[in-house]
$ cat run.tsv   # TSV, C-alpha atoms
chain	number	residue	atom	x	y	z
B	858	MET	CA	137.36	98.49	105.15
B	859	LYS	CA	134.04	98.61	103.37
B	860	ILE	CA	131.18	99.74	105.59
B	861	GLN	CA	129.32	96.46	105.24
B	862	ALA	CA	132.38	94.49	106.40
B	863	LYS	CA	132.88	96.96	109.22
B	864	ILE	CA	129.27	96.52	110.40
B	865	GLU	CA	129.72	92.74	110.37
B	866	HIS	CA	132.98	93.03	112.30
B	867	LEU	CA	131.55	95.39	114.93
B	868	LEU	CA	128.47	93.23	115.50
B	869	LYS	CA	130.43	89.97	115.65
B	870	THR	CA	132.90	91.35	118.16
B	871	GLY	CA	130.28	93.18	120.27
B	872	LEU	CA	127.62	90.47	120.48
B	873	HIS	CA	127.59	86.74	120.90
B	874	LEU	CA	125.60	85.93	117.76
B	875	GLN	CA	124.02	82.67	116.66
B	876	HIS	CA	123.09	84.20	113.33
B	877	LEU	CA	123.91	87.40	111.47
B	878	GLU	CA	122.78	88.85	108.15
B	879	VAL	CA	123.89	92.27	107.00
B	880	ILE	CA	122.05	93.24	103.83
B	881	ASN	CA	122.86	96.39	101.89
B	882	GLU	CA	119.50	97.86	100.89
B	883	SER	CA	120.90	101.16	99.64
B	884	GLY	CA	119.96	100.26	96.06
B	885	GLY	CA	116.28	100.91	96.80
B	886	HIS	CA	116.97	104.46	97.95
B	887	ASN	CA	117.69	107.86	96.57
B	888	VAL	CA	121.50	107.50	96.69
B	889	PRO	CA	124.23	106.86	94.05
B	890	GLU	CA	124.87	103.32	92.85
B	891	GLY	CA	127.27	101.39	95.08
B	892	SER	CA	126.34	103.44	98.16
B	893	GLU	CA	126.48	101.98	101.65
B	894	THR	CA	123.84	104.02	103.43
B	895	HIS	CA	120.89	101.74	104.15
B	896	PHE	CA	121.34	98.35	105.80
B	897	LYS	CA	119.09	95.67	107.15
B	898	LEU	CA	120.46	93.71	110.07
B	899	VAL	CA	119.15	90.36	111.21
B	900	MET	CA	120.75	89.22	114.44
B	901	VAL	CA	119.95	86.23	116.60
B	902	SER	CA	121.54	86.15	120.04
B	903	SER	CA	120.86	84.70	123.47
B	904	GLU	CA	121.98	88.10	124.78
B	905	PHE	CA	118.58	89.43	123.68
B	906	ASP	CA	116.74	87.02	126.03
B	907	ASN	CA	114.70	89.06	128.52
B	908	MET	CA	115.94	92.31	126.96
B	909	PRO	CA	113.21	94.77	125.85
B	910	LEU	CA	113.17	95.73	122.16
B	911	LEU	CA	114.27	99.28	122.93
B	912	ALA	CA	117.32	98.03	124.81
B	913	ARG	CA	118.23	95.58	122.02
B	914	HIS	CA	118.12	98.37	119.44
B	915	ARG	CA	120.11	100.73	121.68
B	916	LYS	CA	122.77	98.07	122.08
B	917	VAL	CA	123.05	97.70	118.29
B	918	TYR	CA	123.10	101.46	117.73
B	919	ALA	CA	125.83	101.83	120.36
B	920	LEU	CA	127.98	99.15	118.69
B	921	LEU	CA	127.51	100.83	115.31
B	922	ASP	CA	127.95	104.43	116.48
B	923	GLU	CA	131.10	104.80	114.35
B	924	VAL	CA	129.45	103.78	111.06
B	925	LEU	CA	126.39	105.93	111.79
B	926	ARG	CA	128.76	108.89	112.05
B	927	GLU	CA	130.44	107.84	108.80
B	928	GLY	CA	127.30	108.24	106.73
B	929	VAL	CA	125.11	105.21	107.36
B	930	HIS	CA	121.67	106.70	107.19
B	931	ALA	CA	119.18	103.94	108.02
B	932	LEU	CA	119.32	100.64	109.82
B	933	ALA	CA	116.45	98.18	109.79
B	934	ILE	CA	117.15	96.25	112.98
B	935	HIS	CA	115.73	92.80	113.61
B	936	ALA	CA	117.25	91.66	116.90
B	937	LEU	CA	115.80	88.32	117.91
B	938	THR	CA	116.27	85.67	120.54
B	939	GLY	CA	116.83	82.09	119.39
B	940	ARG	CA	113.27	81.24	120.35
B	941	GLU	CA	111.79	84.19	118.40
B	942	TRP	CA	113.87	83.23	115.38
B	943	ARG	CA	112.60	79.64	115.46
B	944	GLU	CA	109.00	80.79	115.93
B	945	ARG	CA	109.31	82.97	112.86
B	946	HIS	CA	111.01	80.21	110.89
B	947	GLY	CA	113.76	82.65	110.02
B	948	ASP	CA	111.39	85.19	108.54
B	949	VAL	CA	111.78	88.96	109.02
B	950	PRO	CA	109.66	91.78	107.55
B	951	LEU	CA	110.64	93.48	104.31
B	952	SER	CA	111.96	97.01	104.68
B	953	PRO	CA	109.70	99.74	103.33
B	954	PRO	CA	110.44	101.48	100.03
B	955	CYS	CA	112.19	104.85	100.03
B	956	LEU	CA	109.98	107.88	99.47
B	957	GLY	CA	112.81	110.25	98.65
B	958	GLY	CA	112.99	112.45	101.76
B	959	GLY	CA	116.74	112.17	102.39
Z	9	MET	CA	113.82	128.54	123.76
Z	10	ASP	CA	116.47	125.86	124.02
Z	11	VAL	CA	115.81	123.14	121.44
Z	12	MET	CA	115.96	120.35	124.04
Z	13	GLU	CA	113.34	122.19	126.10
Z	14	LYS	CA	111.23	122.56	122.95
Z	15	ILE	CA	111.41	118.80	122.27
Z	16	LYS	CA	110.52	118.07	125.91
Z	17	GLN	CA	107.47	120.30	125.64
Z	18	GLN	CA	106.43	118.59	122.40
Z	19	VAL	CA	106.70	115.02	123.69
Z	20	GLU	CA	105.06	115.89	126.99
Z	21	GLY	CA	102.45	118.17	125.47
Z	22	HIS	CA	100.54	115.40	123.68
Z	23	PRO	CA	100.14	111.74	124.63
Z	24	ILE	CA	101.27	110.48	121.20
Z	25	VAL	CA	103.92	112.32	119.17
Z	26	LEU	CA	105.53	111.02	115.99
Z	27	TYR	CA	108.73	112.59	114.66
Z	28	MET	CA	108.84	111.71	110.99
Z	29	LYS	CA	110.05	112.75	107.54
Z	30	GLY	CA	107.16	114.46	105.83
Z	31	SER	CA	103.59	114.17	107.12
Z	32	PRO	CA	101.15	111.26	107.49
Z	33	GLN	CA	99.45	112.52	104.31
Z	34	PHE	CA	102.72	113.08	102.43
Z	35	PRO	CA	105.40	110.91	104.03
Z	36	MET	CA	108.91	111.39	102.64
Z	37	CYS	CA	110.39	108.15	103.94
Z	38	GLY	CA	109.12	104.57	103.85
Z	39	PHE	CA	109.94	103.95	107.51
Z	40	SER	CA	108.04	107.09	108.58
Z	41	SER	CA	105.14	106.14	106.36
Z	42	HIS	CA	104.84	102.68	107.94
Z	43	VAL	CA	104.69	104.07	111.46
Z	44	ALA	CA	102.10	106.73	110.57
Z	45	GLN	CA	99.95	104.06	108.89
Z	46	ALA	CA	100.22	101.74	111.89
Z	47	LEU	CA	99.09	104.56	114.20
Z	48	GLN	CA	96.20	105.39	111.90
Z	49	ALA	CA	95.22	101.70	111.76
Z	50	CYS	CA	95.06	101.76	115.58
Z	51	GLY	CA	92.76	104.80	115.45
Z	52	ALA	CA	95.38	106.87	117.26
Z	53	ASP	CA	94.90	110.56	117.93
Z	54	PHE	CA	98.49	111.72	117.41
Z	55	VAL	CA	100.48	114.78	116.43
Z	56	HIS	CA	103.45	114.67	114.10
Z	57	VAL	CA	106.57	116.78	113.75
Z	58	ASP	CA	108.17	116.87	110.29
Z	59	VAL	CA	111.92	116.78	110.95
Z	60	LEU	CA	112.69	117.74	107.34
Z	61	ALA	CA	110.91	121.04	107.97
Z	62	ASP	CA	112.78	121.69	111.23
Z	63	PRO	CA	116.54	121.13	110.84
Z	64	GLU	CA	117.23	122.09	114.45
Z	65	ILE	CA	114.90	119.36	115.75
Z	66	ARG	CA	116.35	116.91	113.23
Z	67	ALA	CA	119.88	117.64	114.41
Z	68	ASN	CA	119.10	117.46	118.13
Z	69	LEU	CA	116.35	114.88	118.57
Z	70	PRO	CA	118.84	111.97	118.42
Z	71	ARG	CA	120.44	113.38	121.60
Z	72	TYR	CA	117.13	113.74	123.41
Z	73	ALA	CA	116.42	110.04	123.92
Z	74	ASN	CA	119.76	108.67	122.72
Z	75	TRP	CA	118.26	107.31	119.51
Z	76	PRO	CA	120.11	108.10	116.27
Z	77	THR	CA	117.47	107.66	113.54
Z	78	PHE	CA	113.97	108.67	112.40
Z	79	PRO	CA	111.08	108.10	112.74
Z	80	GLN	CA	110.74	108.21	116.53
Z	81	LEU	CA	107.46	107.53	118.31
Z	82	TYR	CA	106.79	108.90	121.79
Z	83	ILE	CA	103.87	107.82	123.95
Z	84	ASN	CA	103.30	109.66	127.24
Z	85	GLY	CA	106.67	111.40	126.87
Z	86	GLU	CA	108.59	108.13	126.55
Z	87	LEU	CA	110.36	106.87	123.44
Z	88	VAL	CA	108.66	103.72	122.12
Z	89	GLY	CA	111.11	103.21	119.27
Z	90	GLY	CA	111.56	103.50	115.52
Z	91	CYS	CA	109.87	101.72	112.64
Z	92	ASP	CA	110.99	98.16	113.39
Z	93	ILE	CA	109.89	98.28	117.05
Z	94	VAL	CA	106.58	100.01	116.29
Z	95	MET	CA	105.73	97.48	113.57
Z	96	GLU	CA	106.68	94.61	115.87
Z	97	LEU	CA	104.39	96.00	118.61
Z	98	TYR	CA	101.64	96.54	116.06
Z	99	GLN	CA	101.84	92.95	114.83
Z	100	GLN	CA	101.76	91.68	118.42
Z	101	GLY	CA	98.63	93.76	119.11
Z	102	GLU	CA	100.52	95.77	121.74
Z	103	LEU	CA	100.54	99.08	119.89
Z	104	GLN	CA	96.74	99.12	119.81
Z	105	LYS	CA	96.65	98.74	123.60
Z	106	MET	CA	99.28	101.41	124.18
Z	107	VAL	CA	97.49	103.86	121.86
Z	108	GLN	CA	94.12	103.22	123.46
Z	109	ALA	CA	95.50	103.67	126.97
Z	110	ALA	CA	97.33	106.89	126.05
Z	111	ASN	CA	94.38	108.44	124.21
Z	112	SER	CA	91.74	107.46	126.78
Z	113	ALA	CA	93.77	108.87	129.67
Z	114	VAL	CA	93.30	112.41	128.31
Z	115	SER	CA	89.62	112.48	127.52
$ encode --input "run.tsv" --output "structure tokens"
Amino acid sequence: MKIQAKIEHLLKTGLHLQHLEVINESGGHNVPEGSETHFKLVMVSSEFDNMPLLARHRKVYALLDEVLREGVHALAIHALTGREWRERHGDVPLSPPCLGGG
Amino acid sequence: MDVMEKIKQQVEGHPIVLYMKGSPQFPMCGFSSHVAQALQACGADFVHVDVLADPEIRANLPRYANWPTFPQLYINGELVGGCDIVMELYQQGELQKMVQAANSAVS
């Protein structure tokens, strides 16, 4: 299974999600074409209600432990509650450009 | 010294410690650069550790606070988070408060 599909599968089975976007941002980084190393994740779930940001990110990292071990290098994690998502009108920050450090 | 003990001493030895790739002046990763800039914008007095220059720290820091990626920001010995969390706190105005509290407690 491609890494991107695997990430989607792991997140969908591990979280009750109202919305999910998995975006491969590897193209902006210092890796070969077609790589699956840098991903941006946008997740909206009621499970994040009353959960501190640190705990939300830990939950996502724990679900994706396998792909992190398989070479995924960076995850931009935007884990939002339904209310936060509506307040932002579905907008999340752009990921920063790579500066080549590996 | 055991590397975990070394990390503990680092994060407890200064109120604000940023583990990053490169330095605030010459960041080697966009995520690290964002966090360093946010701290600077808050007027933070912080120390940084370049994980690219210290492979042992780079390999072991993820175990220290159970956090797999870099950068990692510590305030008062506690992990605050990586780039996304720090930027979120900065945009909410919370990072400024945390930095001010941590820096004023020392002086």
$ closest_residue --input "run.tsv" --among "Z:Leu69, Z:Lys29, Z:Ile24, Z:Phe34" --to "Val88 in chain Z" --atoms "all atoms listed in the file"
Z:Ile24
$ interface_residues --input "run.tsv" --of "chain Z" --to "chain B" --cutoff "6 Å" --atoms "all atoms listed in the file" --output "ChimeraX atom specification"
/Z:36-39
$ atom_distance --input "run.tsv" --atom1 "CA of Ala67 in chain Z" --atom2 "CA of Gly85 in chain Z"
19.2 Å
$ residues_around --input "run.tsv" --residues "Ser902 in chain B" --least-positions-apart "6" --cutoff "7 Å" --atoms "all atoms listed in the file" --output "list of chain:residue names"
B:His873, B:Leu874, B:Gln875, B:Leu937, B:Thr938, B:Gly939
$ residues_around --input "run.tsv" --residues "Arg66 in chain Z" --least-positions-apart "6" --cutoff "12 Å" --atoms "all atoms listed in the file" --output "PyMOL selection string"
(chain B and resi 959) or (chain Z and resi 11-12+15+27-29+57-60+72+75-80)
$ write_last_selection --input "run.tsv" --atoms "C-alpha atoms" --output "CSV table (one decimal), in the frame of the given file"
chain,number,residue,atom,x,y,z
B,959,GLY,CA,116.7,112.2,102.4
Z,11,VAL,CA,115.8,123.1,121.4
Z,12,MET,CA,116.0,120.4,124.0
Z,15,ILE,CA,111.4,118.8,122.3
Z,27,TYR,CA,108.7,112.6,114.7
Z,28,MET,CA,108.8,111.7,111.0
Z,29,LYS,CA,110.0,112.8,107.5
Z,57,VAL,CA,106.6,116.8,113.8
Z,58,ASP,CA,108.2,116.9,110.3
Z,59,VAL,CA,111.9,116.8,111.0
Z,60,LEU,CA,112.7,117.7,107.3
Z,72,TYR,CA,117.1,113.7,123.4
Z,75,TRP,CA,118.3,107.3,119.5
Z,76,PRO,CA,120.1,108.1,116.3
Z,77,THR,CA,117.5,107.7,113.5
Z,78,PHE,CA,114.0,108.7,112.4
Z,79,PRO,CA,111.1,108.1,112.7
Z,80,GLN,CA,110.7,108.2,116.5
$ axis_aligned_box --input "run.tsv" --around "range 872-883 of chain B" --padding-each-side "3 Å" --output "JSON"
{"center_x": 123.6, "center_y": 91.9, "center_z": 110.3, "size_x": 14.1, "size_y": 24.5, "size_z": 27.3}
$ residues_near_point --input "run.tsv" --point "(105.7, 93.4, 111.5)" --cutoff "12 Å" --atoms "all atoms listed in the file" --output "number ranges by chain"
B: 933-935, 945, 948-953; Z: 42-43, 46, 91-103
$ write_last_selection --input "run.tsv" --atoms "C-alpha atoms" --output "short mmCIF file (atom, residue, chain, number, x, y, z; two decimals), in the coordinates of the input"
data_model
loop_
_atom_site.label_atom_id
_atom_site.label_comp_id
_atom_site.auth_asym_id
_atom_site.auth_seq_id
_atom_site.Cartn_x
_atom_site.Cartn_y
_atom_site.Cartn_z
CA ALA B 933 116.45 98.18 109.79
CA ILE B 934 117.15 96.25 112.98
CA HIS B 935 115.73 92.80 113.61
CA ARG B 945 109.31 82.97 112.86
CA ASP B 948 111.39 85.19 108.54
CA VAL B 949 111.78 88.96 109.02
CA PRO B 950 109.66 91.78 107.55
CA LEU B 951 110.64 93.48 104.31
CA SER B 952 111.96 97.01 104.68
CA PRO B 953 109.70 99.74 103.33
CA HIS Z 42 104.84 102.68 107.94
CA VAL Z 43 104.69 104.07 111.46
CA ALA Z 46 100.22 101.74 111.89
CA CYS Z 91 109.87 101.72 112.64
CA ASP Z 92 110.99 98.16 113.39
CA ILE Z 93 109.89 98.28 117.05
CA VAL Z 94 106.58 100.01 116.29
CA MET Z 95 105.73 97.48 113.57
CA GLU Z 96 106.68 94.61 115.87
CA LEU Z 97 104.39 96.00 118.61
CA TYR Z 98 101.64 96.54 116.06
CA GLN Z 99 101.84 92.95 114.83
CA GLN Z 100 101.76 91.68 118.42
CA GLY Z 101 98.63 93.76 119.11
CA GLU Z 102 100.52 95.77 121.74
CA LEU Z 103 100.54 99.08 119.89
#
$ atom_distance --input "run.tsv" --atom1 "CA of Lys105 in chain Z" --atom2 "CA of Gln45 in chain Z"
16.0 Å
$ atom_distance --input "run.tsv" --atom1 "CA of Glu64 in chain Z" --atom2 "CA of Gly884 in chain B"
28.7 Å
$ residues_around --input "run.tsv" --residues "Val107 in chain Z" --least-positions-apart "5" --cutoff "8 Å" --atoms "only C-alpha atoms" --output "list in words"
Ile24, Leu47, Cys50, Ala52 and Ile83 of chain Z
$ closest_residue --input "run.tsv" --among "B:Met908, B:Val888, B:Gly947, B:Leu898" --to "Leu921 in chain B" --atoms "all atoms listed in the file"
B:Leu898
$ residues_near_point --input "run.tsv" --point "(128.2, 96.5, 120.5)" --cutoff "7 Å" --atoms "only C-alpha atoms" --output "list in words"
Leu867, Leu868, Gly871, Leu872, Lys916, Val917, Ala919, Leu920 and Leu921 of chain B
$ residues_around --input "run.tsv" --residues "Val19 in chain Z" --least-positions-apart "5" --cutoff "9 Å" --atoms "all atoms listed in the file" --output "PyMOL selection string"
chain Z and resi 14+24-26+82-87
$ closest_residue --input "run.tsv" --among "B:His866, B:His946, B:Lys859, B:Arg940" --to "Asp906 in chain B" --atoms "only C-alpha atoms"
B:Arg940
